[in-house]
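File shown here: start28.cif, holding mmCIF, C-alpha atoms.
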data_coords
loop_
_atom_site.label_atom_id
_atom_site.label_comp_id
_atom_site.auth_asym_id
_atom_site.auth_seq_id
_atom_site.Cartn_x
_atom_site.Cartn_y
_atom_site.Cartn_z
CA MET A 178 209.23 -21.21 -160.60
CA SER A 179 207.55 -21.49 -157.24
CA ILE A 180 207.28 -24.36 -154.76
CA ILE A 181 205.09 -24.67 -151.68
CA ALA A 182 205.02 -27.37 -149.02
CA GLY A 183 202.76 -28.08 -146.07
CA SER A 184 203.77 -29.63 -142.77
CA TYR A 185 202.38 -31.60 -139.89
CA GLU A 186 203.34 -28.67 -137.66
CA ARG A 187 200.72 -26.51 -139.53
CA PHE A 188 203.34 -24.38 -141.36
CA ILE A 189 203.16 -23.47 -145.02
CA TRP A 190 206.54 -23.07 -146.73
CA GLY A 191 207.06 -21.05 -149.91
CA PHE A 192 210.17 -21.01 -152.10
CA LYS A 193 211.29 -19.40 -155.34
CA LEU A 194 213.61 -21.44 -157.54
CA LYS A 195 216.32 -19.12 -158.82
CA PRO A 196 219.35 -19.73 -161.05
CA THR A 197 222.58 -18.79 -159.30
CA LYS A 198 225.25 -19.86 -161.75
CA HIS A 199 225.51 -20.77 -165.44
CA ASP A 200 228.43 -22.08 -167.45
CA ALA A 201 228.86 -24.44 -170.35
CA ASP A 202 228.34 -27.58 -168.26
CA THR A 203 226.62 -26.61 -165.04
CA GLN A 204 223.42 -24.96 -163.92
CA THR A 205 223.17 -24.16 -160.22
CA LEU A 206 219.83 -23.37 -158.66
CA THR A 207 218.82 -22.05 -155.25
CA LEU A 208 215.57 -22.50 -153.34
CA SER A 209 215.12 -18.96 -152.06
CA PRO A 210 212.64 -18.70 -149.13
CA LEU A 211 209.49 -16.67 -149.73
CA PHE A 212 207.80 -17.33 -146.39
CA SER A 213 207.07 -19.84 -143.66
CA TYR A 214 203.90 -19.23 -141.75
CA PRO A 215 201.63 -21.17 -139.32
CA SER A 216 198.59 -20.67 -141.53
CA HIS A 217 196.47 -23.45 -140.04
CA ILE A 218 195.60 -24.44 -136.48
CA SER A 219 196.36 -28.10 -137.20
CA SER A 220 198.33 -30.11 -139.76
CA ILE A 221 198.29 -29.20 -143.45
CA THR A 222 197.06 -32.10 -145.56
CA THR A 223 197.16 -30.81 -149.15
CA VAL A 224 198.56 -27.92 -151.22
CA ALA A 225 198.10 -26.65 -154.77
CA CYS A 226 199.88 -24.02 -156.87
CA SER A 227 199.35 -22.39 -160.27
CA GLY A 228 201.08 -19.23 -161.47
CA PRO A 229 200.96 -16.62 -158.66
CA ALA A 230 198.24 -18.40 -156.68
CA ALA A 231 198.68 -21.09 -154.04
CA ALA A 232 196.30 -22.82 -151.67
CA SER A 233 196.55 -25.08 -148.65
CA GLY A 234 194.00 -27.29 -146.95
CA GLY A 235 194.20 -28.70 -143.48
CA SER A 236 192.74 -31.05 -140.92
CA ASP A 237 191.19 -27.91 -139.37
CA ASP A 238 188.61 -28.00 -142.23
CA THR A 239 189.90 -24.72 -143.73
CA ILE A 240 191.41 -23.56 -147.03
CA HIS A 241 193.99 -20.76 -147.07
CA LEU A 242 195.17 -18.77 -150.09
CA TYR A 243 198.50 -17.09 -150.90
CA ASP A 244 199.91 -14.63 -153.41
CA LEU A 245 203.37 -16.03 -154.12
CA PRO A 246 205.05 -13.06 -155.89
CA SER A 247 204.30 -10.73 -152.98
CA ALA A 248 204.71 -13.44 -150.30
CA SER A 249 201.27 -12.52 -148.98
CA SER A 250 198.50 -14.36 -147.23
CA LEU A 251 195.09 -13.72 -148.74
CA GLY A 252 193.25 -15.25 -145.80
CA SER A 253 190.94 -18.23 -145.71
CA LEU A 254 188.01 -19.35 -147.84
CA LEU A 255 185.16 -19.53 -145.36
CA ASP A 256 182.24 -20.28 -147.66
CA HIS A 257 183.06 -23.79 -148.83
CA ASN A 258 180.61 -25.99 -146.88
CA HIS A 259 183.31 -28.53 -145.95
CA THR A 260 182.77 -29.95 -142.45
CA ALA A 261 185.83 -32.22 -142.34
CA SER A 262 189.52 -32.26 -143.21
CA ILE A 263 190.43 -30.94 -146.66
CA THR A 264 191.91 -33.91 -148.52
CA ALA A 265 192.47 -32.59 -152.06
CA LEU A 266 193.03 -29.25 -153.81
CA SER A 267 193.51 -28.68 -157.52
CA PHE A 268 193.70 -25.57 -159.69
CA TYR A 269 192.27 -25.62 -163.19
CA THR A 270 194.40 -23.51 -165.54
CA PRO A 271 193.56 -23.59 -169.28
CA SER A 272 196.64 -24.23 -171.43
CA SER A 273 196.31 -20.77 -173.00
CA LEU A 274 196.41 -18.97 -169.63
CA SER A 275 199.03 -18.32 -166.96
CA PHE A 276 196.47 -17.62 -164.23
CA PRO A 277 194.13 -20.30 -162.85
CA ARG A 278 190.44 -20.13 -163.70
CA ASN A 279 189.10 -22.36 -160.90
CA LEU A 280 190.06 -24.02 -157.65
CA ILE A 281 188.45 -27.36 -156.76
CA SER A 282 188.52 -28.68 -153.20
CA ALA A 283 187.44 -32.00 -151.71
CA ALA A 284 187.10 -33.17 -148.12
CA ALA A 285 186.82 -36.16 -145.81
CA ASP A 286 183.03 -35.72 -145.62
CA GLY A 287 182.75 -36.42 -149.37
CA SER A 288 181.96 -32.82 -150.30
CA VAL A 289 183.41 -30.99 -153.30
CA ALA A 290 183.55 -27.20 -153.79
CA ILE A 291 184.19 -25.25 -157.00
CA PHE A 292 185.59 -21.69 -156.77
CA ASP A 293 186.11 -18.96 -159.29
CA THR A 294 189.57 -17.41 -158.91
CA ASP A 295 189.04 -13.84 -160.14
CA PRO A 296 188.34 -13.11 -157.36
CA PHE A 297 188.07 -16.26 -155.23
CA VAL A 298 184.36 -16.87 -154.67
CA LEU A 299 182.35 -20.07 -154.23
CA LEU A 300 180.48 -21.08 -157.40
CA LYS A 301 179.07 -24.43 -156.35
CA SER A 302 179.28 -26.94 -153.52
CA PHE A 303 177.94 -30.50 -153.68
CA ARG A 304 178.36 -33.90 -152.04
CA PRO A 305 178.61 -36.55 -154.75
CA HIS A 306 179.56 -39.30 -152.27
CA LYS A 307 179.26 -39.74 -148.50
CA LYS A 308 182.74 -41.11 -147.81
CA ALA A 309 186.14 -39.40 -147.67
CA VAL A 310 187.83 -38.28 -150.89
CA ASN A 311 191.41 -39.56 -151.16
CA ASP A 312 192.33 -37.63 -154.30
CA LEU A 313 190.80 -35.66 -157.14
CA SER A 314 192.06 -34.80 -160.64
CA ILE A 315 190.64 -32.27 -163.12
CA HIS A 316 190.44 -33.09 -166.83
CA PRO A 317 192.34 -30.61 -169.07
CA SER A 318 188.97 -29.43 -170.43
CA GLY A 319 187.94 -28.30 -166.94
CA LYS A 320 184.51 -29.87 -167.43
CA LEU A 321 184.94 -33.03 -165.37
CA ALA A 322 187.03 -34.53 -162.61
CA LEU A 323 187.86 -37.98 -161.31
CA ALA A 324 187.77 -38.82 -157.61
CA VAL A 325 188.83 -41.85 -155.57
CA TYR A 326 187.37 -42.55 -152.15
CA ARG A 327 188.26 -44.16 -148.85
CA ASP A 328 185.52 -46.80 -149.30
CA GLU A 329 187.11 -48.17 -152.51
CA CYS A 330 184.84 -46.18 -154.83
CA PHE A 331 185.78 -44.35 -158.02
CA ALA A 332 183.64 -41.54 -159.45
CA MET A 333 183.43 -39.14 -162.37
CA LEU A 334 182.20 -35.65 -161.46
CA ASN A 335 180.49 -33.20 -163.83
CA LEU A 336 182.01 -29.86 -162.80
CA VAL A 337 179.71 -27.84 -165.08
CA ARG A 338 176.53 -29.11 -163.42
CA GLY A 339 178.05 -29.88 -160.03
CA LYS A 340 176.87 -33.48 -159.86
CA ARG A 341 178.16 -37.03 -160.03
CA SER A 342 178.07 -38.62 -163.48
CA PHE A 343 179.32 -42.09 -162.63
CA CYS A 344 180.38 -44.15 -159.62
CA CYS A 345 181.61 -47.73 -159.16
CA ARG A 346 183.30 -49.83 -156.49
CA LEU A 347 186.87 -50.84 -157.36
CA GLY A 348 187.30 -53.65 -154.85
CA HIS A 349 190.43 -51.95 -153.52
CA GLU A 350 191.20 -48.48 -152.18
CA ALA A 351 192.97 -46.15 -154.62
CA SER A 352 195.00 -43.42 -152.96
CA LEU A 353 195.80 -41.27 -156.01
CA VAL A 354 194.26 -40.44 -159.38
CA LYS A 355 195.88 -38.22 -162.05
CA PHE A 356 194.97 -37.27 -165.61
CA ASP A 357 197.83 -37.16 -168.08
CA PRO A 358 198.36 -33.73 -169.76
CA SER A 359 196.38 -34.78 -172.85
CA GLY A 360 193.39 -35.97 -170.84
CA GLU A 361 193.21 -39.13 -172.96
CA ARG A 362 194.42 -41.35 -170.12
CA PHE A 363 194.50 -41.32 -166.35
CA PHE A 364 196.60 -43.04 -163.70
CA MET A 365 195.26 -44.66 -160.55
CA VAL A 366 197.54 -45.70 -157.67
CA VAL A 367 196.75 -48.68 -155.44
CA ASN A 368 199.46 -49.39 -152.85
CA SER A 369 202.64 -50.03 -154.89
CA LYS A 370 201.04 -50.33 -158.34
CA VAL A 371 199.79 -47.84 -160.93
CA GLY A 372 196.99 -48.60 -163.35
CA VAL A 373 197.03 -46.77 -166.69
CA HIS A 374 193.46 -46.28 -167.89
CA GLN A 375 191.79 -44.98 -171.02
CA SER A 376 189.74 -41.91 -170.13
CA GLU A 377 186.89 -42.60 -172.56
CA ASP A 378 185.73 -45.81 -170.87
CA ALA A 379 188.14 -46.27 -167.91
CA LYS A 380 189.52 -49.41 -169.58
CA LEU A 381 192.74 -50.66 -167.96
CA LEU A 382 195.48 -50.44 -170.61
CA LEU A 383 198.42 -51.64 -168.54
CA GLU A 384 199.77 -51.79 -164.99
CA LEU A 385 203.04 -50.33 -163.71
CA ASP A 386 204.78 -52.45 -161.07
CA ASN A 387 208.41 -52.24 -160.02
CA GLY A 388 208.16 -55.33 -157.81
CA SER A 389 208.31 -53.35 -154.57
CA ARG A 390 205.73 -53.82 -151.84
CA LYS A 391 206.33 -50.32 -150.55
CA ARG A 392 203.49 -47.87 -151.13
CA ILE A 393 203.51 -45.08 -153.69
CA LEU A 394 202.62 -41.88 -151.79
CA CYS A 395 202.77 -39.28 -154.59
CA ALA A 396 202.69 -39.06 -158.37
CA SER A 397 203.11 -36.36 -161.02
CA PRO A 398 202.46 -36.78 -164.77
CA GLY A 399 205.13 -35.40 -167.08
CA ASP A 400 205.44 -34.88 -170.80
CA SER A 401 205.30 -37.53 -173.55
CA GLY A 402 203.70 -40.21 -171.41
CA THR A 403 206.12 -39.98 -168.50
CA LEU A 404 204.82 -40.49 -164.96
CA PHE A 405 206.91 -39.75 -161.87
CA THR A 406 206.15 -41.67 -158.68
CA ALA A 407 207.72 -41.72 -155.22
CA GLY A 408 206.94 -42.93 -151.73
CA GLU A 409 208.05 -45.35 -149.06
CA ASP A 410 211.00 -46.71 -151.08
CA ARG A 411 212.64 -43.22 -150.99
CA ALA A 412 213.25 -43.34 -154.77
CA ILE A 413 211.90 -41.16 -157.57
CA THR A 414 210.80 -43.38 -160.44
CA ALA A 415 210.04 -42.30 -164.00
CA TRP A 416 207.70 -44.58 -165.93
CA ASP A 417 207.13 -44.77 -169.67
CA THR A 418 203.36 -45.20 -169.55
CA ASN A 419 203.21 -45.92 -173.28
CA SER A 420 205.22 -49.13 -172.94
CA GLY A 421 204.62 -49.82 -169.25
CA LYS A 422 208.34 -49.99 -168.58
CA LEU A 423 210.45 -48.28 -165.95
CA ALA A 424 212.36 -45.53 -167.77
CA TYR A 425 214.80 -44.53 -165.03
CA SER A 426 214.93 -43.80 -161.32
CA ILE A 427 216.90 -41.99 -158.64
CA GLN A 428 217.51 -44.46 -155.83
CA ASP A 429 217.81 -43.08 -152.28
CA ALA A 430 216.66 -39.67 -153.50
CA HIS A 431 215.82 -38.84 -149.87
CA PRO A 432 216.81 -40.30 -146.49
CA ALA A 433 213.13 -40.66 -145.52
CA ARG A 434 209.89 -41.52 -147.32
CA ILE A 435 208.91 -39.08 -150.05
CA LYS A 436 205.57 -37.32 -149.45
CA GLY A 437 205.46 -35.10 -152.55
CA VAL A 438 206.76 -35.02 -156.12
CA VAL A 439 205.93 -32.39 -158.73
CA THR A 440 206.96 -31.66 -162.33
CA LEU A 441 208.16 -28.07 -162.65
CA THR A 442 209.28 -27.62 -166.25
CA LYS A 443 206.81 -25.76 -168.45
CA ASN A 444 206.64 -27.33 -171.90
CA ASP A 445 205.23 -24.80 -174.34
CA SER A 446 205.55 -23.53 -177.90
CA ASP A 447 208.47 -21.32 -176.94
CA GLY A 448 210.60 -24.40 -176.86
CA ALA A 449 212.86 -24.70 -173.83
CA SER A 450 213.56 -28.28 -174.94
CA GLU A 451 217.15 -27.53 -174.02
CA ASP A 452 216.10 -26.73 -170.45
CA PRO A 453 216.51 -29.41 -167.82
CA TYR A 454 213.45 -31.44 -166.96
CA LEU A 455 212.95 -30.24 -163.41
CA VAL A 456 211.21 -32.32 -160.77
CA ALA A 457 210.89 -31.32 -157.11
CA SER A 458 210.48 -33.76 -154.23
CA ALA A 459 209.83 -33.45 -150.50
CA SER A 460 210.35 -36.00 -147.75
CA SER A 461 208.84 -36.48 -144.32
CA ASP A 462 212.07 -35.36 -142.63
CA GLY A 463 211.68 -31.83 -144.02
CA ILE A 464 214.02 -31.90 -147.02
CA ILE A 465 213.00 -30.45 -150.39
CA ARG A 466 215.13 -31.21 -153.43
CA VAL A 467 215.01 -30.22 -157.11
CA TRP A 468 216.37 -32.60 -159.75
CA ASP A 469 217.31 -32.52 -163.40
CA MET A 470 215.79 -35.86 -164.38
CA ARG A 471 218.07 -36.11 -167.42
CA MET A 472 220.82 -36.88 -164.92
CA ALA A 473 218.86 -39.72 -163.30
CA ALA A 474 220.55 -42.36 -165.42
CA LYS A 475 223.91 -41.42 -163.95
CA GLU A 476 225.14 -43.01 -160.76
CA ASN A 477 224.98 -40.87 -157.61
CA ALA A 478 222.72 -38.25 -159.18
CA LYS A 479 222.90 -34.97 -157.26
CA PRO A 480 220.05 -32.50 -156.75
CA LEU A 481 220.33 -29.08 -158.40
CA ALA A 482 218.93 -27.40 -155.30
CA GLU A 483 218.09 -28.41 -151.76
CA THR A 484 216.69 -26.94 -148.57
CA ASN A 485 215.82 -28.33 -145.14
CA THR A 486 212.68 -27.01 -143.48
CA LYS A 487 213.34 -29.13 -140.36
CA SER A 488 209.64 -29.96 -140.20
CA ARG A 489 207.55 -33.01 -140.97
CA LEU A 490 206.42 -32.26 -144.51
CA THR A 491 203.14 -33.76 -145.68
CA CYS A 492 202.59 -32.41 -149.21
CA LEU A 493 204.21 -30.48 -152.07
CA ALA A 494 203.11 -28.41 -155.08
CA GLY A 495 204.81 -26.20 -157.63
CA SER A 496 204.31 -24.12 -160.74
CA ALA A 497 206.49 -22.87 -163.58
CA LEU A 498 203.87 -20.41 -164.83
CA ASN A 499 204.47 -16.66 -164.58
CA SER A 500 201.64 -14.14 -164.45
CA MET A 501 201.36 -10.39 -163.87
CA ARG A 502 197.92 -10.82 -162.30
CA ARG A 503 197.49 -11.11 -158.56
CA PRO A 504 194.96 -13.36 -156.80
CA GLN A 505 192.45 -11.92 -154.33
CA ILE A 506 189.46 -12.95 -152.23
CA GLY A 507 186.60 -10.55 -152.88
CA ASN A 508 187.58 -7.26 -151.25
CA GLN A 509 189.93 -8.77 -148.68
CA LYS A 510 193.38 -7.28 -148.34
CA SER A 511 196.48 -9.45 -148.30
CA GLN A 512 198.75 -9.81 -145.30
CA LYS A 513 202.48 -9.71 -145.85
CA LEU A 514 204.18 -12.87 -144.62
CA GLU A 515 207.83 -11.88 -144.77
CA GLU A 516 207.87 -11.03 -141.06
CA GLY A 517 206.99 -14.66 -140.43
CA LEU A 518 210.00 -15.94 -142.33
CA ASN A 519 211.74 -18.76 -140.50
CA THR A 520 214.52 -20.62 -142.25
CA GLU A 521 216.04 -22.30 -139.25
#

Would you mind giving the structure from this file in structure tokens?
Amino acid sequence: MSIIAGSYERFIWGFKLKPTKHDADTQTLTLSPLFSYPSHISSITTVACSGPAAASGGSDDTIHLYDLPSASSLGSLLDHNHTASITALSFYTPSSLSFPRNLISAAADGSVAIFDTDPFVLLKSFRPHKKAVNDLSIHPSGKLALAVYRDECFAMLNLVRGKRSFCCRLGHEASLVKFDPSGERFFMVVNSKVGVHQSEDAKLLLELDNGSRKRILCASPGDSGTLFTAGEDRAITAWDTNSGKLAYSIQDAHPARIKGVVTLTKNDSDGASEDPYLVASASSDGIIRVWDMRMAAKENAKPLAETNTKSRLTCLAGSALNSMRRPQIGNQKSQKLEEGLNTE
């Protein structure tokens, strides 16, 4: 399992989650550093990860790629036509594959770019809306995506044709949008509330509200209708989106606001139902933690692993997929990042 995080100080951080101890009652994990590297010339705003491939986008209008198993930089994607800060990155990985098929990027100028990943080359770039994209989510089919915008708009994008299929004004600004793993529903975050919508017609099914006025800053769909959210209240909350009820939460999961949460456990036909349900979180004070969410119901839940980057983290991504293939950009050669390792 791999985790990457971006920081305000323009560093990308890479970690490998490794088991260090097993007994009948305890599993101990370690976040082993892969690299830390000033990959951008200004703050990193978004990261994505799938199998061996990772990507970061920054306020310097650039996208950088990484090969996680070899701790290598693959360089930057220059041909993307974005002229503003990169605000969203998302890999599309079919359920039958362990290597991503596409990378989708969105920017503050409203533009969206679609890349092939074998190797990384631009397939299509278009501007479905003129205002900044807050977030973008790809449907499990890979054929369409949802986007929410700074000007309170919500749009459906046809990724096959590279055009906008639908757009409407919400009347409020949504900061996050996420499909659930089945693609039958999606979640839209507005301040401290989450709307659960039916994908077919965008009908609002129910609203998740824990009564807090503090904003949700990150969200990650899990298995069986679970949605993890975190943000200004410094807690990690698990919602049962089928009933609309709060399932459980880890209060004071971090000493500062949480800027990223990601589900790490791979649920596949090989089972692993006995494995802990792993969720990683990152806070603005530089701390990354990994949790077994089965322990969340217990008082004083402790993280399975923890590291302190001592930087102002802005975003987090992770992947439990393993692949023997290695990502590449055209004929570019990778640059080893181990010499840039900085764990202080």

On this structure, the PyMOL selection byres ((chain A and resi 267) around 10) would catch which residues? List them as a PyMOL selection string, sorted by chain and number.
chain A and resi 223-227+231-232+265-266+268-270+277+279-283+291+312-315+494

For A:Ala396, please output as an NGL selection string all residues within 10 Å (counting all atoms listed in the file; exclusion window: fewer than 3 positions along the same chain).
:A and (353-355 or 364-366 or 371 or 393 or 399 or 404-408 or 413-415 or 436-440)

Just the selected residues (C-alpha atoms), exported as a short mmCIF file (atom, residue, chain, number, x, y, z; two decimals), in the frame of the given file, please.
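To be explicit, this is the file written out as result.cif:
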data_model
loop_
_atom_site.label_atom_id
_atom_site.label_comp_id
_atom_site.auth_asym_id
_atom_site.auth_seq_id
_atom_site.Cartn_x
_atom_site.Cartn_y
_atom_site.Cartn_z
CA LEU A 353 195.80 -41.27 -156.01
CA VAL A 354 194.26 -40.44 -159.38
CA LYS A 355 195.88 -38.22 -162.05
CA PHE A 364 196.60 -43.04 -163.70
CA MET A 365 195.26 -44.66 -160.55
CA VAL A 366 197.54 -45.70 -157.67
CA VAL A 371 199.79 -47.84 -160.93
CA ILE A 393 203.51 -45.08 -153.69
CA GLY A 399 205.13 -35.40 -167.08
CA LEU A 404 204.82 -40.49 -164.96
CA PHE A 405 206.91 -39.75 -161.87
CA THR A 406 206.15 -41.67 -158.68
CA ALA A 407 207.72 -41.72 -155.22
CA GLY A 408 206.94 -42.93 -151.73
CA ILE A 413 211.90 -41.16 -157.57
CA THR A 414 210.80 -43.38 -160.44
CA ALA A 415 210.04 -42.30 -164.00
CA LYS A 436 205.57 -37.32 -149.45
CA GLY A 437 205.46 -35.10 -152.55
CA VAL A 438 206.76 -35.02 -156.12
CA VAL A 439 205.93 -32.39 -158.73
CA THR A 440 206.96 -31.66 -162.33
#

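Separating atom CA of A:Ala424 from atom CA of A:His374 is a distance of 18.9 Å.
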
A:Gly402 surroundings by all atoms listed in the file, 7 Å radius, close-in-sequence under 3 positions cut, as number ranges by chain
A: 399, 417-419

Spell out the residues picked by the PyMOL selection byres ((chain A and resi 185-193) around 9) here, as a PyMOL selection string.
chain A and resi 178-184+194-195+207-222+224+233+235+245-246+248+486+488-491

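Of the listed residues (A:Gly319, A:Asn311, A:Ala473, A:Gly360), A:Gly360 comes nearest to A:Ala379; the distances count only C-alpha atoms.
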
Written as a list in words, which residues does the PyMOL selection byres ((chain A and resi 290) around 9) give for the file shown?
His257, Asn258, His259, Leu280, Ile281, Ser282, Ala283, Ala284, Ser288, Val289, Ile291, Phe292, Leu299, Leu300, Lys301, Ser302, Phe303, Arg304 and Gly339 of chain A

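The two atoms in question, atom CA of A:Val325 and atom CA of A:Leu455, are spaced 27.9 Å apart.
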
Just the number, please: distance in Å from atom CA of A:Val298 to atom CA of A:Cys395, one decimal.
29.0 Å

Set up a box along x, y and z of the file covering all listed atoms of stretch 366-380 of chain A, add 6 Å on every one of the six sides, and write the centre and edge lengths in Å to one decimal, as AutoDock Vina command-line options.
--center_x 194.2 --center_y -46.1 --center_z -162.7 --size_x 28.9 --size_y 20.4 --size_z 31.7

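Candidate residues A:Asp357, A:Asp238, A:Asp410, A:Asp462 were compared for distance to A:Pro317, and the nearest is A:Asp357, using only C-alpha atoms.
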